[in-house]
Amino acid sequence: MIETFDSAHLDRAAEILAARHQRDFALERALGERFGVLEECRTLLEQAWEDGSRGAVAVREGAVIGYLLARAGEGQRGRHCWTLPQCAAYALGEGPVVLKRLYAHLSGQWVADGRLHHYTEPPAADLPLWLTLGFGHEQVHGIMDVSAKTPVEAPRGVRLADPADIGVLQPLLGLINEAHAAPPVFAFTDQPMWDILRSGHLELLNDPTVAYWVSEGHDSIDGFVVMRPVPDDESSILKPRGSVELFLASTAPHARGTGVGRRLTEWALADAAHRGFTVCVTGWRATNPLSSVFWPNRGFRPVAYRLHRILDPRLTGPEHVSGSDRGPALPSAVDALTPVQVASPLAGRPYDLRHATVSLWLNSGVPATAVAARAGHCVYVLLVDVLLRVYAKCIDGQEATVNQRTEAALGGSGA
Ligand SMILES: CC(C)(COP(=O)(O)OP(=O)(O)OC[C@H]1O[C@@H](n2cnc3c(N)ncnc32)[C@H](O)[C@@H]1OP(=O)(O)O)[C@@H](O)C(=O)NCCC(=O)NCCS
């Protein structure tokens, strides 16, 4: 049974989440044990609840066996529903199918609300379930234990940058945005993201806790790697408290594949270990052909993913024939046919099915303008010409009447 999630479910949800984290910690020790306990998980879930995440629980024999929450939003990522890493979990003995049922239940409401972009951030162990629901990889969350890294000596040309370097860094600042905008990533970067590049880098260069490493090339800086301690209030189930984040990295295009990134990264990780960090986190676009190979090769292991599912925009448009929230449901193409017709050549091709559906709508008294819109015709000329002359021929049992009406409409004498 599926029920609406309310705050009374927070304790049980926290229990389920803590058990999930214990499983994930056993698979990846760098995640830390903090979220293996109920209280920490409850705080995480409470925050999500207060921030507007809503959803449902699955109940079996009176016991909650799973929950799924998502926060509605819109903006650069479209009209969406977003499930945070802590917002989807099932009692381990029940299996991930619980989430499938919850998603089946909730996603209909999301689509009815025009939310065609669905995001979820599952731990690595739950990835297969979400892939079966049509989600695709967007971002990979990686983690690495750096405690064994030992700094020897900074490679030649590698040094800490300071705010005075902003001018020479300028040509490199947009490289990540460019890599993300390019095929096959195709991530949309809006103007504000470009506008804040310089001030954002200056902030990092001015922050004494940040290690902004650069590599000096022949005549200019040809790469950077920025290490930023994860502030306590940003620590999460995927970013352990006290970890450092490999925050940004780029190599100038002319220097790529020559070892600049590798030297910078090895040094930056070893220096972080020297400064007392034991865990480093980072993230990369799964579709980025450079970073998606480079970071795993440096030792980062995927612990979670950001997945995205985008549904056909016609589902919320006038073409959608079965949306219960959009006026009386219209019959689907197959519903439009009798069993005999389905077995006949008429049903053999989708195009024929569309004709048959249109005919049924017309016969059922659906206004012709609505039929035209739903059938994909938006021009009035087509309405008269196509609907009343071509489709009329397909209407079983009414040919004579329709012909008479058509002729009358065209000024003939059939009435
Ligand atoms: C990802 C990125 C930072 C890697 O930097 P890079 O300087 O090209 O990386 P390197 O040259 O050190 O390494 C690339 C590969 O070439 C190899 N390589 C080639 N020549 C080399 C040399 N002379 N010495 C050492 N390694 C060499 C490296 O070993 C590495 O292969 P591996 O991953 O199989 O070990 C860079 O491609 C980049 O800036 N991409 C665009 C921006 C971007 O995507 N940033 C990351 C955002 S998450």
# chains A, B, ... in the order shown; residues from 1 in each chain; ligands from 1
call {"tool": "select_by_dssp", "arguments": {"residues": "segment 110-189 of chain A", "states": "alpha helix (DSSP H)", "output": "PyMOL selection string"}}
result
chain A and resi 110-112+127-132+166-169+175-181
call {"tool": "write_last_selection", "arguments": {"atoms": "N, CA and C atoms", "output": "mmCIF file, in the first residue's frame"}}
result
data_model
loop_
_atom_site.group_PDB
_atom_site.id
_atom_site.type_symbol
_atom_site.label_atom_id
_atom_site.label_comp_id
_atom_site.auth_asym_id
_atom_site.auth_seq_id
_atom_site.Cartn_x
_atom_site.Cartn_y
_atom_site.Cartn_z
ATOM 1 N N TRP A 110 3.594 14.025 -10.621
ATOM 2 C CA TRP A 110 4.574 15.022 -11.083
ATOM 3 C C TRP A 110 4.287 15.425 -12.529
ATOM 4 N N VAL A 111 4.012 14.436 -13.342
ATOM 5 C CA VAL A 111 3.757 14.745 -14.759
ATOM 6 C C VAL A 111 2.454 15.538 -14.884
ATOM 7 N N ALA A 112 1.450 15.153 -14.096
ATOM 8 C CA ALA A 112 0.189 15.906 -14.132
ATOM 9 C C ALA A 112 0.419 17.364 -13.752
ATOM 10 N N LEU A 127 21.924 2.056 -8.151
ATOM 11 C CA LEU A 127 21.924 2.550 -9.530
ATOM 12 C C LEU A 127 21.088 1.671 -10.483
ATOM 13 N N PRO A 128 21.267 0.329 -10.460
ATOM 14 C CA PRO A 128 20.551 -0.480 -11.455
ATOM 15 C C PRO A 128 19.038 -0.270 -11.423
ATOM 16 N N LEU A 129 18.489 -0.116 -10.215
ATOM 17 C CA LEU A 129 17.039 0.073 -10.116
ATOM 18 C C LEU A 129 16.590 1.306 -10.893
ATOM 19 N N TRP A 130 17.328 2.403 -10.701
ATOM 20 C CA TRP A 130 16.911 3.656 -11.337
ATOM 21 C C TRP A 130 17.111 3.611 -12.850
ATOM 22 N N LEU A 131 18.123 2.860 -13.283
ATOM 23 C CA LEU A 131 18.312 2.741 -14.735
ATOM 24 C C LEU A 131 17.123 1.992 -15.356
ATOM 25 N N THR A 132 16.561 1.049 -14.612
ATOM 26 C CA THR A 132 15.401 0.336 -15.170
ATOM 27 C C THR A 132 14.175 1.245 -15.250
ATOM 28 N N ILE A 166 44.869 36.348 -11.118
ATOM 29 C CA ILE A 166 43.573 36.269 -11.798
ATOM 30 C C ILE A 166 43.690 36.652 -13.286
ATOM 31 N N GLY A 167 44.562 37.602 -13.590
ATOM 32 C CA GLY A 167 44.724 38.037 -14.988
ATOM 33 C C GLY A 167 45.248 36.909 -15.872
ATOM 34 N N VAL A 168 46.316 36.229 -15.415
ATOM 35 C CA VAL A 168 46.882 35.147 -16.250
ATOM 36 C C VAL A 168 45.983 33.919 -16.257
ATOM 37 N N LEU A 169 45.161 33.801 -15.232
ATOM 38 C CA LEU A 169 44.238 32.651 -15.198
ATOM 39 C C LEU A 169 43.045 32.855 -16.121
ATOM 40 N N LEU A 175 36.983 27.118 -19.108
ATOM 41 C CA LEU A 175 37.211 25.821 -19.766
ATOM 42 C C LEU A 175 36.230 24.731 -19.318
ATOM 43 N N ILE A 176 35.852 24.760 -18.044
ATOM 44 C CA ILE A 176 34.918 23.719 -17.580
ATOM 45 C C ILE A 176 33.540 23.958 -18.216
ATOM 46 N N ASN A 177 33.103 25.228 -18.189
ATOM 47 C CA ASN A 177 31.816 25.529 -18.840
ATOM 48 C C ASN A 177 31.836 25.103 -20.307
ATOM 49 N N GLU A 178 32.979 25.378 -20.971
ATOM 50 C CA GLU A 178 33.070 25.011 -22.396
ATOM 51 C C GLU A 178 32.996 23.499 -22.582
ATOM 52 N N ALA A 179 33.708 22.780 -21.708
ATOM 53 C CA ALA A 179 33.683 21.309 -21.815
ATOM 54 C C ALA A 179 32.270 20.782 -21.579
ATOM 55 N N HIS A 180 31.532 21.446 -20.689
ATOM 56 C CA HIS A 180 30.173 20.983 -20.389
ATOM 57 C C HIS A 180 29.166 21.376 -21.463
ATOM 58 N N ALA A 181 29.441 22.482 -22.134
ATOM 59 C CA ALA A 181 28.517 22.899 -23.194
ATOM 60 C C ALA A 181 28.731 22.072 -24.468
#
call {"tool": "residues_near_ligand", "arguments": {"ligand": "ligand 1", "cutoff": "7 Å", "atoms": "only C-alpha atoms and all ligand atoms", "output": "list of chain:residue names"}}
result
A:Leu175, A:Ile176, A:Ala179, A:Gly223, A:Leu248, A:Ala249, A:Ser250, A:Thr251, A:Ala252, A:Pro253, A:Ala255, A:Arg256, A:Gly257, A:Thr258, A:Gly259, A:Val260, A:Gly261, A:Arg262, A:Arg263, A:Gly283, A:Trp284, A:Arg285, A:Asn288, A:Leu290, A:Ser291, A:Val293, A:Phe294, A:Asn297, A:Arg298
call {"tool": "select_by_dssp", "arguments": {"residues": "segment 61-285 of chain A", "states": "strand (DSSP E)", "output": "JSON, numbers by chain"}}
result
{"A": [63, 64, 65, 66, 67, 68, 69, 70, 71, 72, 73, 80, 81, 82, 83, 88, 89, 90, 117, 118, 119, 120, 136, 137, 138, 139, 140, 141, 142, 143, 144, 145, 158, 159, 160, 211, 212, 213, 214, 215, 216, 221, 222, 223, 224, 225, 226, 227, 228, 229, 244, 245, 246, 247, 248, 249, 250, 251, 279, 280, 281, 282, 283, 284, 285]}
call {"tool": "residues_around", "arguments": {"residues": "segment 28-33 of chain A", "least_positions_apart": "5", "cutoff": "9 Å", "atoms": "only C-alpha atoms", "output": "ChimeraX atom specification"}}
result
/A:21-23,143-145,237-241,278-280,301,303
call {"tool": "write_last_selection", "arguments": {"atoms": "C-alpha atoms", "output": "CSV table (one decimal), in the first residue's frame"}}
result
chain,number,residue,atom,x,y,z
A,21,HIS,CA,24.2,3.9,4.9
A,22,GLN,CA,25.6,1.0,6.8
A,23,ARG,CA,25.3,-1.0,3.7
A,143,ILE,CA,35.4,9.7,-3.4
A,144,MET,CA,38.9,8.7,-2.4
A,145,ASP,CA,40.8,7.9,0.7
A,237,ILE,CA,25.8,11.7,3.3
A,238,LEU,CA,28.0,11.9,0.2
A,239,LYS,CA,30.6,14.5,1.6
A,240,PRO,CA,31.9,13.3,4.9
A,241,ARG,CA,32.5,16.0,7.6
A,278,THR,CA,41.9,11.7,4.9
A,279,VAL,CA,39.0,11.8,2.4
A,280,CYS,CA,38.7,13.7,-0.9
A,301,ARG,CA,35.5,5.7,-7.0
A,303,VAL,CA,29.7,6.3,-4.7
call {"tool": "closest_residue", "arguments": {"among": "A:Leu264, A:Val152, A:Leu44, A:Ala187", "to": "Gln139 of chain A", "atoms": "only C-alpha atoms"}}
result
A:Ala187
call {"tool": "residues_around", "arguments": {"residues": "Arg20 of chain A", "least_positions_apart": "3", "cutoff": "9 Å", "atoms": "only C-alpha atoms", "output": "number ranges by chain"}}
result
A: 15-17, 23-25, 36, 89-92
call {"tool": "write_last_selection", "arguments": {"atoms": "N, CA and C atoms", "output": "mmCIF file, in the first residue's frame"}}
result
data_model
loop_
_atom_site.group_PDB
_atom_site.id
_atom_site.type_symbol
_atom_site.label_atom_id
_atom_site.label_comp_id
_atom_site.auth_asym_id
_atom_site.auth_seq_id
_atom_site.Cartn_x
_atom_site.Cartn_y
_atom_site.Cartn_z
ATOM 1 N N GLU A 15 15.386 5.324 10.220
ATOM 2 C CA GLU A 15 15.880 3.947 10.471
ATOM 3 C C GLU A 15 16.281 3.270 9.164
ATOM 4 N N ILE A 16 15.409 3.426 8.169
ATOM 5 C CA ILE A 16 15.669 2.788 6.870
ATOM 6 C C ILE A 16 16.922 3.394 6.231
ATOM 7 N N LEU A 17 17.052 4.729 6.361
ATOM 8 C CA LEU A 17 18.206 5.409 5.759
ATOM 9 C C LEU A 17 19.510 4.998 6.457
ATOM 10 N N ARG A 23 25.021 -0.224 4.844
ATOM 11 C CA ARG A 23 25.348 -1.039 3.660
ATOM 12 C C ARG A 23 26.378 -0.322 2.783
ATOM 13 N N ASP A 24 26.144 0.973 2.532
ATOM 14 C CA ASP A 24 27.039 1.717 1.632
ATOM 15 C C ASP A 24 28.431 1.905 2.249
ATOM 16 N N PHE A 25 28.454 2.094 3.562
ATOM 17 C CA PHE A 25 29.739 2.242 4.260
ATOM 18 C C PHE A 25 30.554 0.949 4.169
ATOM 19 N N GLY A 36 25.292 6.250 9.657
ATOM 20 C CA GLY A 36 24.794 4.901 9.981
ATOM 21 C C GLY A 36 23.950 4.915 11.242
ATOM 22 N N ALA A 89 14.751 5.501 -0.099
ATOM 23 C CA ALA A 89 15.375 4.312 0.505
ATOM 24 C C ALA A 89 14.302 3.276 0.801
ATOM 25 N N TYR A 90 14.754 2.028 0.917
ATOM 26 C CA TYR A 90 13.824 0.920 1.182
ATOM 27 C C TYR A 90 14.446 0.027 2.255
ATOM 28 N N ALA A 91 13.584 -0.663 2.979
ATOM 29 C CA ALA A 91 14.076 -1.647 3.949
ATOM 30 C C ALA A 91 14.837 -2.707 3.155
ATOM 31 N N LEU A 92 16.081 -2.964 3.549
ATOM 32 C CA LEU A 92 16.954 -3.761 2.687
ATOM 33 C C LEU A 92 16.391 -5.154 2.399
#
call {"tool": "atom_distance", "arguments": {"atom1": "atom CA of Pro123 of chain A", "atom2": "atom CA of Val146 of chain A"}}
result
21.0 Å
